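Everything below belongs to start_11.cif, which stores mmCIF, C-alpha atoms.
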```
data_start
#
loop_
_atom_site.label_atom_id
_atom_site.label_comp_id
_atom_site.auth_asym_id
_atom_site.auth_seq_id
_atom_site.Cartn_x
_atom_site.Cartn_y
_atom_site.Cartn_z
CA MET A 1 -81.86 118.75 36.19
CA ALA A 2 -81.28 121.68 33.82
CA SER A 3 -84.26 122.61 31.72
CA ASP A 4 -82.40 124.49 29.03
CA SER A 5 -82.22 123.38 25.42
CA HIS A 6 -78.79 121.75 25.70
CA PRO A 7 -78.98 117.99 26.07
CA ARG A 8 -77.71 116.47 29.30
CA GLY A 9 -74.46 114.80 28.40
CA PHE A 10 -70.91 113.95 29.32
CA LEU A 11 -67.54 114.50 27.67
CA PHE A 12 -66.63 111.47 25.55
CA PRO A 13 -62.87 111.60 24.77
CA VAL A 14 -62.20 111.15 21.06
CA ASP A 15 -59.10 109.09 21.86
CA GLY A 16 -61.28 106.74 23.91
CA LEU A 17 -63.62 106.23 20.96
CA LEU A 18 -60.69 105.50 18.64
CA GLU A 19 -59.29 102.98 21.13
CA HIS A 20 -62.73 101.39 21.48
CA TRP A 21 -62.96 100.93 17.71
CA GLN A 22 -59.40 99.77 17.11
CA GLY A 23 -59.60 97.45 20.13
CA HIS A 24 -62.57 95.69 18.57
CA ARG A 25 -60.79 95.61 15.21
CA ARG A 26 -57.81 93.89 16.86
CA VAL A 27 -60.12 91.13 18.12
CA THR A 28 -61.58 90.69 14.64
CA ARG A 29 -58.08 90.55 13.15
CA ARG A 30 -57.29 87.67 15.52
CA MET A 31 -60.46 85.97 14.30
CA ILE A 32 -59.22 86.17 10.69
CA GLN A 33 -56.00 84.54 11.89
CA ALA A 34 -57.80 81.82 13.85
CA PHE A 35 -59.66 80.25 10.90
CA PRO A 36 -58.03 77.36 9.09
CA ASP A 37 -56.85 78.38 5.62
CA ASP A 38 -59.41 76.29 3.79
CA GLN A 39 -62.36 77.42 5.93
CA LEU A 40 -61.88 81.19 6.13
CA PHE A 41 -63.31 81.66 2.63
CA ARG A 42 -65.71 78.75 2.68
CA PHE A 43 -67.12 77.64 6.03
CA SER A 44 -70.76 78.51 6.56
CA ILE A 45 -73.68 77.62 8.80
CA GLY A 46 -77.33 78.11 7.85
CA GLY A 47 -76.48 79.64 4.47
CA MET A 48 -74.67 82.60 6.09
CA ARG A 49 -71.61 84.20 4.52
CA PRO A 50 -68.12 82.83 5.16
CA PHE A 51 -66.05 84.84 7.64
CA SER A 52 -63.89 86.32 4.85
CA ASP A 53 -66.96 88.04 3.39
CA LEU A 54 -68.04 89.30 6.80
CA ALA A 55 -64.54 90.70 7.38
CA LEU A 56 -64.65 92.39 3.96
CA GLU A 57 -67.95 94.05 4.84
CA MET A 58 -66.48 95.34 8.10
CA MET A 59 -63.42 96.69 6.29
CA SER A 60 -65.47 98.40 3.57
CA MET A 61 -67.68 100.07 6.18
CA ALA A 62 -64.67 101.18 8.21
CA ALA A 63 -62.71 102.48 5.21
CA ALA A 64 -65.59 104.34 3.60
CA GLY A 65 -66.90 105.43 7.00
CA ILE A 66 -63.72 107.06 8.27
CA GLN A 67 -63.41 108.91 4.96
CA GLY A 68 -66.93 110.22 5.37
CA VAL A 69 -66.38 111.23 8.97
CA ALA A 70 -63.13 113.02 8.14
CA THR A 71 -64.17 114.70 4.89
CA GLY A 72 -67.97 114.84 4.86
CA LYS A 73 -67.88 112.97 1.54
CA TRP A 74 -69.70 109.61 1.70
CA ARG A 75 -68.80 107.13 -0.98
CA MET A 76 -69.00 103.40 -0.74
CA VAL A 77 -65.76 101.83 -1.88
CA GLU A 78 -66.04 99.11 -4.52
CA GLY A 79 -63.93 96.08 -3.67
CA LEU A 80 -62.92 97.84 -0.47
CA ASP A 81 -60.48 100.47 -1.75
CA HIS A 82 -59.19 102.34 -4.78
CA HIS A 83 -56.17 100.11 -5.13
CA SER A 84 -58.16 96.91 -5.27
CA LYS A 85 -59.90 97.61 -8.61
CA GLY A 86 -62.87 95.65 -7.37
CA ALA A 87 -60.98 92.40 -6.80
CA LYS A 88 -61.77 90.60 -3.58
CA PRO A 89 -58.79 89.36 -1.54
CA ALA A 90 -58.33 85.67 -2.19
CA THR A 91 -55.92 84.74 0.61
CA ARG A 92 -55.69 85.32 4.33
CA GLU A 93 -52.49 87.34 3.79
CA ASP A 94 -54.23 89.65 1.33
CA LEU A 95 -57.18 90.03 3.70
CA LEU A 96 -54.87 90.88 6.61
CA ALA A 97 -52.82 93.31 4.50
CA ARG A 98 -55.97 95.22 3.59
CA TRP A 99 -57.18 95.06 7.17
CA ASP A 100 -53.94 96.70 8.30
CA GLU A 101 -54.24 99.32 5.55
CA VAL A 102 -57.64 100.34 6.93
CA THR A 103 -56.19 100.38 10.45
CA ARG A 104 -53.52 102.85 9.35
CA GLN A 105 -56.08 104.90 7.45
CA ILE A 106 -58.21 105.26 10.59
CA ASP A 107 -55.20 106.14 12.74
CA THR A 108 -54.06 108.76 10.20
CA LEU A 109 -57.41 110.46 9.67
CA TRP A 110 -58.64 110.37 13.27
CA PRO A 111 -56.44 113.16 14.71
CA GLN A 112 -57.51 115.42 11.82
CA ILE A 113 -61.18 115.24 12.89
CA PRO A 114 -62.26 118.15 15.08
CA PRO A 115 -63.89 116.84 18.32
CA GLN A 116 -67.16 118.67 17.70
CA ARG A 117 -67.51 116.79 14.38
CA PHE A 118 -68.42 113.66 16.36
CA ALA A 119 -71.55 115.32 17.70
CA GLU A 120 -72.63 116.69 14.31
CA VAL A 121 -75.61 115.17 12.51
CA ASP A 122 -74.75 113.95 9.01
CA LYS A 123 -76.31 111.62 6.47
CA ALA A 124 -73.91 108.73 5.82
CA PHE A 125 -73.85 107.54 2.21
CA GLY A 126 -76.88 109.72 1.55
CA GLN A 127 -79.00 107.29 3.54
CA TRP A 128 -78.33 106.96 7.26
CA GLU A 129 -78.89 110.14 9.22
CA GLY A 130 -77.60 110.59 12.74
CA PRO A 131 -74.85 112.06 14.86
CA ILE A 132 -71.39 110.94 13.77
CA TYR A 133 -70.81 109.11 17.09
CA GLY A 134 -73.98 107.13 16.41
CA LEU A 135 -72.81 106.17 12.93
CA LEU A 136 -69.46 105.06 14.34
CA LEU A 137 -71.17 102.98 17.01
CA TYR A 138 -73.31 101.41 14.31
CA TRP A 139 -70.27 100.30 12.31
CA ILE A 140 -68.60 98.96 15.46
CA ASP A 141 -71.79 97.16 16.52
CA ASN A 142 -72.12 95.65 13.06
CA GLU A 143 -68.58 94.30 13.36
CA ILE A 144 -69.26 92.82 16.82
CA HIS A 145 -72.49 91.29 15.51
CA HIS A 146 -70.89 89.55 12.53
CA ARG A 147 -67.80 88.61 14.53
CA GLY A 148 -70.14 86.90 17.02
CA GLN A 149 -71.28 84.72 14.11
CA GLY A 150 -67.65 83.89 13.46
CA TYR A 151 -67.29 82.66 17.04
CA VAL A 152 -69.93 80.02 16.33
CA TYR A 153 -68.17 79.04 13.10
CA LEU A 154 -64.89 78.54 14.99
CA ARG A 155 -66.49 76.63 17.89
CA SER A 156 -68.29 74.48 15.37
CA LEU A 157 -64.89 73.73 13.79
CA GLY A 158 -63.55 72.78 17.22
CA ILE A 159 -61.34 75.88 17.47
CA GLU A 160 -61.12 78.09 20.57
CA PRO A 161 -61.83 81.69 19.45
CA PRO A 162 -59.76 84.65 20.72
CA ALA A 163 -61.01 86.18 23.97
CA PHE A 164 -63.80 88.70 23.48
CA TYR A 165 -62.59 90.88 26.34
CA GLU A 166 -58.94 91.07 25.23
CA ARG A 167 -58.67 94.24 23.17
CA SER A 168 -54.95 95.05 23.20
CA MET B 1 -55.09 120.95 18.82
CA ALA B 2 -55.28 122.05 22.45
CA SER B 3 -52.33 120.97 24.55
CA ASP B 4 -54.01 121.38 27.93
CA SER B 5 -54.73 118.50 30.29
CA HIS B 6 -58.38 118.18 29.28
CA PRO B 7 -58.97 115.37 26.80
CA ARG B 8 -60.30 116.32 23.37
CA GLY B 9 -63.87 115.17 23.36
CA PHE B 10 -67.47 115.76 22.38
CA LEU B 11 -70.73 115.96 24.26
CA PHE B 12 -72.42 112.55 24.32
CA PRO B 13 -76.09 113.00 25.27
CA VAL B 14 -77.11 110.65 28.09
CA ASP B 15 -80.52 110.15 26.48
CA GLY B 16 -78.75 108.98 23.32
CA LEU B 17 -76.79 106.41 25.28
CA LEU B 18 -79.97 105.12 26.95
CA GLU B 19 -81.68 104.86 23.57
CA HIS B 20 -78.65 103.06 22.13
CA TRP B 21 -78.78 100.48 24.95
CA GLN B 22 -82.54 99.98 25.01
CA GLY B 23 -82.62 99.84 21.20
CA HIS B 24 -80.21 96.91 21.26
CA ARG B 25 -82.19 95.30 24.08
CA ARG B 26 -85.35 95.51 21.96
CA VAL B 27 -83.60 93.56 19.18
CA THR B 28 -82.51 90.92 21.68
CA ARG B 29 -86.05 90.68 23.06
CA ARG B 30 -87.28 89.93 19.53
CA MET B 31 -84.61 87.20 19.34
CA ILE B 32 -86.02 85.57 22.49
CA GLN B 33 -89.43 85.64 20.80
CA ALA B 34 -88.11 84.22 17.51
CA PHE B 35 -86.83 80.90 18.89
CA PRO B 36 -89.15 77.91 18.81
CA ASP B 37 -90.34 76.96 22.32
CA ASP B 38 -88.39 73.73 22.44
CA GLN B 39 -85.13 75.23 21.16
CA LEU B 40 -84.80 78.43 23.18
CA PHE B 41 -83.56 76.50 26.22
CA ARG B 42 -81.81 73.71 24.36
CA PHE B 43 -80.44 74.46 20.89
CA SER B 44 -76.67 74.70 20.71
CA ILE B 45 -73.83 74.66 18.16
CA GLY B 46 -70.25 73.73 18.98
CA GLY B 47 -70.98 73.21 22.67
CA MET B 48 -72.02 76.83 23.17
CA ARG B 49 -74.78 77.83 25.57
CA PRO B 50 -78.43 77.87 24.49
CA PHE B 51 -79.85 81.32 23.76
CA SER B 52 -81.84 81.34 27.03
CA ASP B 53 -78.57 81.22 28.99
CA LEU B 54 -77.02 83.96 26.86
CA ALA B 55 -80.10 86.13 27.42
CA LEU B 56 -79.86 85.49 31.16
CA GLU B 57 -76.23 86.62 31.19
CA MET B 58 -77.17 89.82 29.35
CA MET B 59 -79.99 90.48 31.82
CA SER B 60 -77.81 89.85 34.86
CA MET B 61 -75.13 92.20 33.56
CA ALA B 62 -77.69 94.88 32.73
CA ALA B 63 -79.54 94.61 36.04
CA ALA B 64 -76.43 94.56 38.23
CA GLY B 65 -74.70 97.09 35.98
CA ILE B 66 -77.37 99.77 36.09
CA GLN B 67 -77.50 99.41 39.90
CA GLY B 68 -73.75 99.94 40.05
CA VAL B 69 -73.84 102.93 37.74
CA ALA B 70 -76.68 104.55 39.65
CA THR B 71 -75.54 103.79 43.21
CA GLY B 72 -71.80 103.06 43.04
CA LYS B 73 -72.52 99.70 44.71
CA TRP B 74 -71.45 96.78 42.54
CA ARG B 75 -73.08 93.47 43.35
CA MET B 76 -73.67 90.58 41.00
CA VAL B 77 -77.24 89.42 41.28
CA GLU B 78 -77.73 85.72 41.85
CA GLY B 79 -80.34 84.23 39.55
CA LEU B 80 -80.74 87.68 38.05
CA ASP B 81 -82.64 89.55 40.75
CA HIS B 82 -83.72 89.58 44.36
CA HIS B 83 -87.16 88.24 43.59
CA SER B 84 -85.91 85.21 41.72
CA LYS B 85 -84.34 83.46 44.74
CA GLY B 86 -81.75 82.00 42.42
CA ALA B 87 -84.21 80.12 40.24
CA LYS B 88 -83.61 80.38 36.51
CA PRO B 89 -86.61 81.18 34.33
CA ALA B 90 -87.89 77.98 32.77
CA THR B 91 -90.23 79.34 30.12
CA ARG B 92 -90.07 82.00 27.43
CA GLU B 93 -92.79 83.95 29.22
CA ASP B 94 -90.78 84.00 32.44
CA LEU B 95 -87.67 85.06 30.53
CA LEU B 96 -89.54 87.89 28.79
CA ALA B 97 -91.17 89.03 32.04
CA ARG B 98 -87.77 89.36 33.68
CA TRP B 99 -86.35 91.04 30.58
CA ASP B 100 -89.11 93.65 30.82
CA GLU B 101 -88.45 94.09 34.53
CA VAL B 102 -84.82 94.97 33.76
CA THR B 103 -85.98 97.34 30.99
CA ARG B 104 -88.13 99.21 33.51
CA GLN B 105 -85.32 99.21 36.07
CA ILE B 106 -82.95 100.84 33.57
CA ASP B 107 -85.56 103.41 32.51
CA THR B 108 -86.28 104.25 36.15
CA LEU B 109 -82.70 104.60 37.34
CA TRP B 110 -81.27 106.34 34.26
CA PRO B 111 -82.73 109.83 34.83
CA GLN B 112 -81.39 109.75 38.41
CA ILE B 113 -77.78 109.43 37.20
CA PRO B 114 -75.96 112.78 36.97
CA PRO B 115 -74.46 113.25 33.48
CA GLN B 116 -70.91 113.64 34.82
CA ARG B 117 -71.19 110.18 36.44
CA PHE B 118 -70.82 108.64 32.96
CA ALA B 119 -67.32 110.06 32.61
CA GLU B 120 -66.22 108.96 36.12
CA VAL B 121 -63.77 106.10 36.49
CA ASP B 122 -65.10 103.30 38.70
CA LYS B 123 -64.25 99.66 39.35
CA ALA B 124 -67.23 97.52 38.37
CA PHE B 125 -67.80 94.52 40.64
CA GLY B 126 -64.39 95.21 42.21
CA GLN B 127 -62.73 93.99 39.04
CA TRP B 128 -63.21 96.00 35.87
CA GLU B 129 -61.86 99.53 36.08
CA GLY B 130 -62.77 102.18 33.55
CA PRO B 131 -64.99 105.15 32.84
CA ILE B 132 -68.68 104.39 33.30
CA TYR B 133 -69.42 104.95 29.61
CA GLY B 134 -66.79 102.31 28.80
CA LEU B 135 -68.37 99.81 31.17
CA LEU B 136 -71.78 100.44 29.63
CA LEU B 137 -70.39 99.98 26.12
CA TYR B 138 -68.81 96.72 27.29
CA TRP B 139 -72.15 95.34 28.50
CA ILE B 140 -73.85 96.44 25.28
CA ASP B 141 -71.05 94.94 23.16
CA ASN B 142 -71.28 91.70 25.08
CA GLU B 143 -74.99 91.55 24.33
CA ILE B 144 -74.41 92.22 20.60
CA HIS B 145 -71.67 89.57 20.57
CA HIS B 146 -73.81 86.84 22.12
CA ARG B 147 -76.87 87.88 20.16
CA GLY B 148 -74.79 87.46 16.99
CA GLN B 149 -74.33 83.83 18.06
CA GLY B 150 -78.10 83.56 18.36
CA TYR B 151 -78.48 84.71 14.76
CA VAL B 152 -76.49 81.66 13.64
CA TYR B 153 -78.64 79.41 15.84
CA LEU B 154 -81.82 80.79 14.22
CA ARG B 155 -80.47 80.58 10.64
CA SER B 156 -79.33 77.07 11.36
CA LEU B 157 -82.90 76.27 12.45
CA GLY B 158 -84.18 77.77 9.18
CA ILE B 159 -85.66 80.83 10.92
CA GLU B 160 -85.22 84.42 9.66
CA PRO B 161 -83.84 86.47 12.57
CA PRO B 162 -85.15 89.98 13.38
CA ALA B 163 -83.37 92.80 11.52
CA PHE B 164 -80.16 93.92 13.19
CA TYR B 165 -80.68 97.55 12.18
CA GLU B 166 -84.28 97.82 13.41
CA ARG B 167 -84.02 99.22 16.93
CA SER B 168 -87.46 100.67 17.63
#
```

Could I get this structure in the form of structure tokens?
Amino acid sequence: MASDSHPRGFLFPVDGLLEHWQGHRRVTRRMIQAFPDDQLFRFSIGGMRPFSDLALEMMSMAAAGIQGVATGKWRMVEGLDHHSKGAKPATREDLLARWDEVTRQIDTLWPQIPPQRFAEVDKAFGQWEGPIYGLLLYWIDNEIHHRGQGYVYLRSLGIEPPAFYERS
Amino acid sequence: MASDSHPRGFLFPVDGLLEHWQGHRRVTRRMIQAFPDDQLFRFSIGGMRPFSDLALEMMSMAAAGIQGVATGKWRMVEGLDHHSKGAKPATREDLLARWDEVTRQIDTLWPQIPPQRFAEVDKAFGQWEGPIYGLLLYWIDNEIHHRGQGYVYLRSLGIEPPAFYERS
């Protein structure tokens, strides 16, 4: 309707975006719990990565991503975080402990981010340019995408996956 | 920072949200094209639905959803749309033709939606209550989720799926 230079838009509450992200992360956490011990790090279809590796990718993206959003400094994190010294988690418990560490990291940094930061254009990891909300949606979408693979793994193992729509 | 009753938020451009949705729908369209003729309507892992059925669900949600967003009238569409008379598409060409019909429907209705509508709370199909942007994200997430399943189907068939990050 307006022909000025401001884009037509709506107010997206930053708390709603955090809840959207963490809600999806809660579903993925339940996926990590749903795999049998011996299959979480091993089961594969069509040469794809086991779910543990997919979960690690999601965690690395989330951990490095929230740092970049909050500080403007984009640095991929080797072996997920500074404490890990490059070692990959070898058990479900280790994987879940790191998952929860990233959850706390997101919850801690989020309130420190000024709302207008989410509409700023930045270049994530020196490569992916776009508004911050677009980068966040990309990381969330990537998690949904890989988690969807995990649903097939579980079904194929005869296990009922957690409900997609249950985010609490 | 502010303690007033307005939520902290940022301006989400409505054109960006449309592009986000249609970008994902373009990836899914390439998935429909990537399946071999005889597997699109049949291939399954773990008792899950064939990709044709998943694509139909995405289309039905998108078609009924955009109508609800634009008009406030929420009505699930039997067999996808009024022209279909309940018949499910039986060939890839039919599936793609309907997919493109929904694409045009979204593109046509979108500019008619006032920006503030996206922040309104509504009850989709008399069941799912939330802000419009949240409903839209849910439909998009559902598409990503099921499409992720399709990636496993294709890999399992020895076929390289279209790139997840390529949205144009």

Result of fitting chain B to chain A over every paired C-alpha, as a compact mmCIF listing (two decimals) with C-alpha atoms, in the frame of the given file:
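Final output, result29.txt:
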```txt
# COMPACT_ATOMS: atom_id res chain seq x y z
CA MET B 1 -82.07 118.67 36.06
CA ALA B 2 -81.41 121.58 33.71
CA SER B 3 -84.37 122.55 31.58
CA ASP B 4 -82.42 124.45 28.94
CA SER B 5 -82.18 123.37 25.31
CA HIS B 6 -78.76 121.76 25.70
CA PRO B 7 -78.95 117.99 26.08
CA ARG B 8 -77.67 116.50 29.34
CA GLY B 9 -74.44 114.82 28.44
CA PHE B 10 -70.87 113.97 29.33
CA LEU B 11 -67.53 114.51 27.68
CA PHE B 12 -66.60 111.48 25.56
CA PRO B 13 -62.87 111.60 24.78
CA VAL B 14 -62.19 111.14 21.06
CA ASP B 15 -59.08 109.10 21.86
CA GLY B 16 -61.26 106.74 23.89
CA LEU B 17 -63.59 106.24 20.96
CA LEU B 18 -60.65 105.50 18.63
CA GLU B 19 -59.27 103.00 21.13
CA HIS B 20 -62.70 101.39 21.49
CA TRP B 21 -62.94 100.93 17.70
CA GLN B 22 -59.37 99.77 17.10
CA GLY B 23 -59.58 97.46 20.13
CA HIS B 24 -62.55 95.69 18.57
CA ARG B 25 -60.78 95.61 15.21
CA ARG B 26 -57.79 93.89 16.84
CA VAL B 27 -60.10 91.13 18.12
CA THR B 28 -61.56 90.70 14.64
CA ARG B 29 -58.07 90.55 13.13
CA ARG B 30 -57.26 87.67 15.50
CA MET B 31 -60.46 85.97 14.28
CA ILE B 32 -59.22 86.18 10.68
CA GLN B 33 -56.00 84.54 11.86
CA ALA B 34 -57.81 81.81 13.83
CA PHE B 35 -59.67 80.25 10.89
CA PRO B 36 -58.05 77.34 9.09
CA ASP B 37 -56.86 78.34 5.59
CA ASP B 38 -59.44 76.27 3.78
CA GLN B 39 -62.39 77.42 5.91
CA LEU B 40 -61.89 81.18 6.11
CA PHE B 41 -63.31 81.65 2.61
CA ARG B 42 -65.73 78.75 2.66
CA PHE B 43 -67.14 77.65 6.02
CA SER B 44 -70.78 78.54 6.57
CA ILE B 45 -73.72 77.65 8.82
CA GLY B 46 -77.35 78.14 7.87
CA GLY B 47 -76.51 79.69 4.51
CA MET B 48 -74.69 82.62 6.10
CA ARG B 49 -71.63 84.20 4.51
CA PRO B 50 -68.13 82.84 5.17
CA PHE B 51 -66.06 84.85 7.64
CA SER B 52 -63.90 86.31 4.84
CA ASP B 53 -66.98 88.03 3.39
CA LEU B 54 -68.05 89.32 6.81
CA ALA B 55 -64.55 90.70 7.38
CA LEU B 56 -64.67 92.38 3.97
CA GLU B 57 -67.97 94.07 4.85
CA MET B 58 -66.49 95.35 8.12
CA MET B 59 -63.43 96.69 6.28
CA SER B 60 -65.49 98.39 3.59
CA MET B 61 -67.69 100.08 6.18
CA ALA B 62 -64.68 101.18 8.21
CA ALA B 63 -62.71 102.47 5.22
CA ALA B 64 -65.61 104.34 3.62
CA GLY B 65 -66.90 105.43 7.03
CA ILE B 66 -63.72 107.05 8.29
CA GLN B 67 -63.42 108.91 4.96
CA GLY B 68 -66.95 110.22 5.40
CA VAL B 69 -66.38 111.24 8.99
CA ALA B 70 -63.14 113.02 8.16
CA THR B 71 -64.18 114.69 4.89
CA GLY B 72 -67.99 114.81 4.87
CA LYS B 73 -67.89 112.95 1.54
CA TRP B 74 -69.70 109.63 1.72
CA ARG B 75 -68.77 107.12 -0.95
CA MET B 76 -68.96 103.36 -0.73
CA VAL B 77 -65.71 101.85 -1.87
CA GLU B 78 -65.99 99.14 -4.48
CA GLY B 79 -63.91 96.09 -3.64
CA LEU B 80 -62.89 97.88 -0.47
CA ASP B 81 -60.46 100.50 -1.74
CA HIS B 82 -59.16 102.36 -4.74
CA HIS B 83 -56.14 100.13 -5.12
CA SER B 84 -58.13 96.92 -5.24
CA LYS B 85 -59.84 97.60 -8.60
CA GLY B 86 -62.83 95.66 -7.36
CA ALA B 87 -60.97 92.40 -6.82
CA LYS B 88 -61.75 90.60 -3.58
CA PRO B 89 -58.80 89.35 -1.55
CA ALA B 90 -58.34 85.65 -2.20
CA THR B 91 -55.94 84.72 0.58
CA ARG B 92 -55.71 85.32 4.32
CA GLU B 93 -52.52 87.31 3.78
CA ASP B 94 -54.26 89.62 1.32
CA LEU B 95 -57.19 90.03 3.70
CA LEU B 96 -54.88 90.87 6.61
CA ALA B 97 -52.83 93.29 4.49
CA ARG B 98 -55.97 95.21 3.58
CA TRP B 99 -57.20 95.07 7.17
CA ASP B 100 -53.94 96.69 8.28
CA GLU B 101 -54.24 99.30 5.54
CA VAL B 102 -57.64 100.33 6.93
CA THR B 103 -56.19 100.37 10.46
CA ARG B 104 -53.53 102.84 9.33
CA GLN B 105 -56.09 104.90 7.43
CA ILE B 106 -58.22 105.27 10.57
CA ASP B 107 -55.20 106.14 12.72
CA THR B 108 -54.08 108.74 10.18
CA LEU B 109 -57.41 110.45 9.66
CA TRP B 110 -58.64 110.37 13.27
CA PRO B 111 -56.44 113.15 14.70
CA GLN B 112 -57.52 115.42 11.82
CA ILE B 113 -61.19 115.24 12.87
CA PRO B 114 -62.26 118.15 15.11
CA PRO B 115 -63.86 116.85 18.33
CA GLN B 116 -67.14 118.68 17.71
CA ARG B 117 -67.50 116.80 14.38
CA PHE B 118 -68.42 113.67 16.37
CA ALA B 119 -71.55 115.34 17.71
CA GLU B 120 -72.63 116.71 14.29
CA VAL B 121 -75.60 115.18 12.53
CA ASP B 122 -74.76 113.94 9.02
CA LYS B 123 -76.32 111.61 6.47
CA ALA B 124 -73.94 108.72 5.84
CA PHE B 125 -73.87 107.52 2.23
CA GLY B 126 -76.94 109.69 1.58
CA GLN B 127 -79.03 107.26 3.59
CA TRP B 128 -78.34 106.94 7.29
CA GLU B 129 -78.89 110.14 9.24
CA GLY B 130 -77.61 110.60 12.76
CA PRO B 131 -74.86 112.08 14.88
CA ILE B 132 -71.39 110.95 13.81
CA TYR B 133 -70.80 109.13 17.10
CA GLY B 134 -73.98 107.13 16.43
CA LEU B 135 -72.81 106.17 12.96
CA LEU B 136 -69.46 105.07 14.34
CA LEU B 137 -71.14 102.99 17.04
CA TYR B 138 -73.30 101.41 14.33
CA TRP B 139 -70.26 100.30 12.32
CA ILE B 140 -68.58 98.97 15.46
CA ASP B 141 -71.77 97.16 16.53
CA ASN B 142 -72.11 95.65 13.09
CA GLU B 143 -68.58 94.31 13.36
CA ILE B 144 -69.25 92.83 16.83
CA HIS B 145 -72.49 91.29 15.53
CA HIS B 146 -70.88 89.56 12.56
CA ARG B 147 -67.80 88.62 14.54
CA GLY B 148 -70.13 86.91 17.03
CA GLN B 149 -71.28 84.75 14.12
CA GLY B 150 -67.65 83.90 13.45
CA TYR B 151 -67.27 82.67 17.03
CA VAL B 152 -69.93 80.04 16.34
CA TYR B 153 -68.17 79.06 13.10
CA LEU B 154 -64.89 78.55 14.99
CA ARG B 155 -66.48 76.62 17.89
CA SER B 156 -68.30 74.50 15.38
CA LEU B 157 -64.92 73.73 13.78
CA GLY B 158 -63.57 72.77 17.22
CA ILE B 159 -61.35 75.88 17.45
CA GLU B 160 -61.10 78.09 20.56
CA PRO B 161 -61.82 81.68 19.45
CA PRO B 162 -59.74 84.64 20.71
CA ALA B 163 -60.99 86.19 23.96
CA PHE B 164 -63.77 88.71 23.46
CA TYR B 165 -62.56 90.90 26.33
CA GLU B 166 -58.91 91.05 25.23
CA ARG B 167 -58.63 94.23 23.17
CA SER B 168 -54.92 95.05 23.19
```

Compare A:Leu18, A:Ala34, A:Val102, A:Leu95 by their minimum atom-to-atom distance to A:Gln67, counting all atoms listed in the file, and give me the closest one.
A:Val102

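Nearest-residue note for B:Pro162: choosing from B:Gly150, B:Pro115, B:Pro13, B:Ile45, the minimum distance belongs to B:Gly150, counting all atoms listed in the file.
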
Counting all atoms listed in the file, which residues of chain A sit at most 9 Å from some atom of chain B, and what is each one's closest atom pair with its distance in Å to one decimal, listed by chain and rising residue number, as a Markdown table?
```
| residue | atom | partner | partner_atom | distance |
| --- | --- | --- | --- | --- |
| A:Met1 | CA | B:Pro114 | CA | 8.4 |
| A:Pro7 | CA | B:Pro13 | CA | 5.8 |
| A:Arg8 | CA | B:Pro13 | CA | 5.6 |
| A:Gly9 | CA | B:Pro13 | CA | 4.0 |
| A:Phe10 | CA | B:Phe12 | CA | 5.4 |
| A:Leu11 | CA | B:Leu11 | CA | 4.9 |
| A:Phe12 | CA | B:Gly9 | CA | 5.1 |
| A:Pro13 | CA | B:Gly9 | CA | 4.0 |
| A:Val14 | CA | B:Gly9 | CA | 4.9 |
| A:Asp15 | CA | B:Arg8 | CA | 7.5 |
| A:Gly16 | CA | B:Gly134 | CA | 8.6 |
| A:His20 | CA | B:Gly134 | CA | 8.4 |
| A:Ile45 | CA | B:Ser156 | CA | 6.2 |
| A:Gly46 | CA | B:Ser156 | CA | 4.2 |
| A:Gly47 | CA | B:Arg155 | CA | 7.4 |
| A:Met48 | CA | B:Arg155 | CA | 7.6 |
| A:Pro111 | CA | B:Met1 | CA | 8.9 |
| A:Pro114 | CA | B:Met1 | CA | 8.6 |
| A:Pro115 | CA | B:Gly9 | CA | 5.3 |
| A:Gln116 | CA | B:Phe10 | CA | 5.5 |
| A:Arg117 | CA | B:Phe10 | CA | 8.1 |
| A:Phe118 | CA | B:Phe10 | CA | 6.4 |
| A:Ala119 | CA | B:Phe10 | CA | 6.2 |
| A:Tyr133 | CA | B:Phe12 | CA | 8.2 |
| A:Gly134 | CA | B:His20 | CA | 8.4 |
| A:Tyr138 | CA | B:Tyr165 | CA | 8.6 |
| A:Asp141 | CA | B:Ile144 | CA | 6.9 |
| A:Asn142 | CA | B:Phe164 | CA | 8.2 |
| A:Ile144 | CA | B:His145 | CA | 5.5 |
| A:His145 | CA | B:Gly148 | CA | 4.7 |
| A:His146 | CA | B:Gly148 | CA | 6.3 |
| A:Arg147 | CA | B:His145 | CA | 7.2 |
| A:Gly148 | CA | B:Gly148 | CA | 4.7 |
| A:Gln149 | CA | B:Gln149 | CA | 5.1 |
| A:Gly150 | CA | B:Gln149 | CA | 8.1 |
| A:Tyr151 | CA | B:Gln149 | CA | 7.2 |
| A:Val152 | CA | B:Gln149 | CA | 6.1 |
| A:Tyr153 | CA | B:Gly46 | CA | 8.2 |
| A:Leu154 | CA | B:Gly46 | CA | 8.2 |
| A:Arg155 | CA | B:Gly46 | CA | 4.9 |
| A:Ser156 | CA | B:Gly46 | CA | 4.2 |
| A:Leu157 | CA | B:Gly46 | CA | 7.5 |
| A:Gly158 | CA | B:Gly46 | CA | 7.0 |
| A:Phe164 | CA | B:Asn142 | CA | 8.2 |
| A:Tyr165 | CA | B:Tyr138 | CA | 8.6 |
```

Would you compute an axis-aligned box for stretch 149-168 of chain B, covering every atom listed for it in the file with 8 Å of margin on each side, and report centre and edge lengths in Å to one decimal as JSON?
```
{"center_x": -80.9, "center_y": 88.5, "center_z": 13.8, "size_x": 29.1, "size_y": 40.4, "size_z": 25.2}
```

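Neighbours of A:Ser168 closer than or equal to 10 Å, with all atoms listed in the file counted and sequence neighbours fewer than 3 positions away skipped, come out as Glu19, Gln22, Gly23, His24, Arg25, Arg26, Val27 and Tyr165 of chain A.
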
What residues come out when you apply the PyMOL selection byres ((chain A and resi 57) around 12) to this file, written as a PyMOL selection string?
chain A and resi 49-56+58-65+76-81+88+95+99+139-140+142-143+145-147
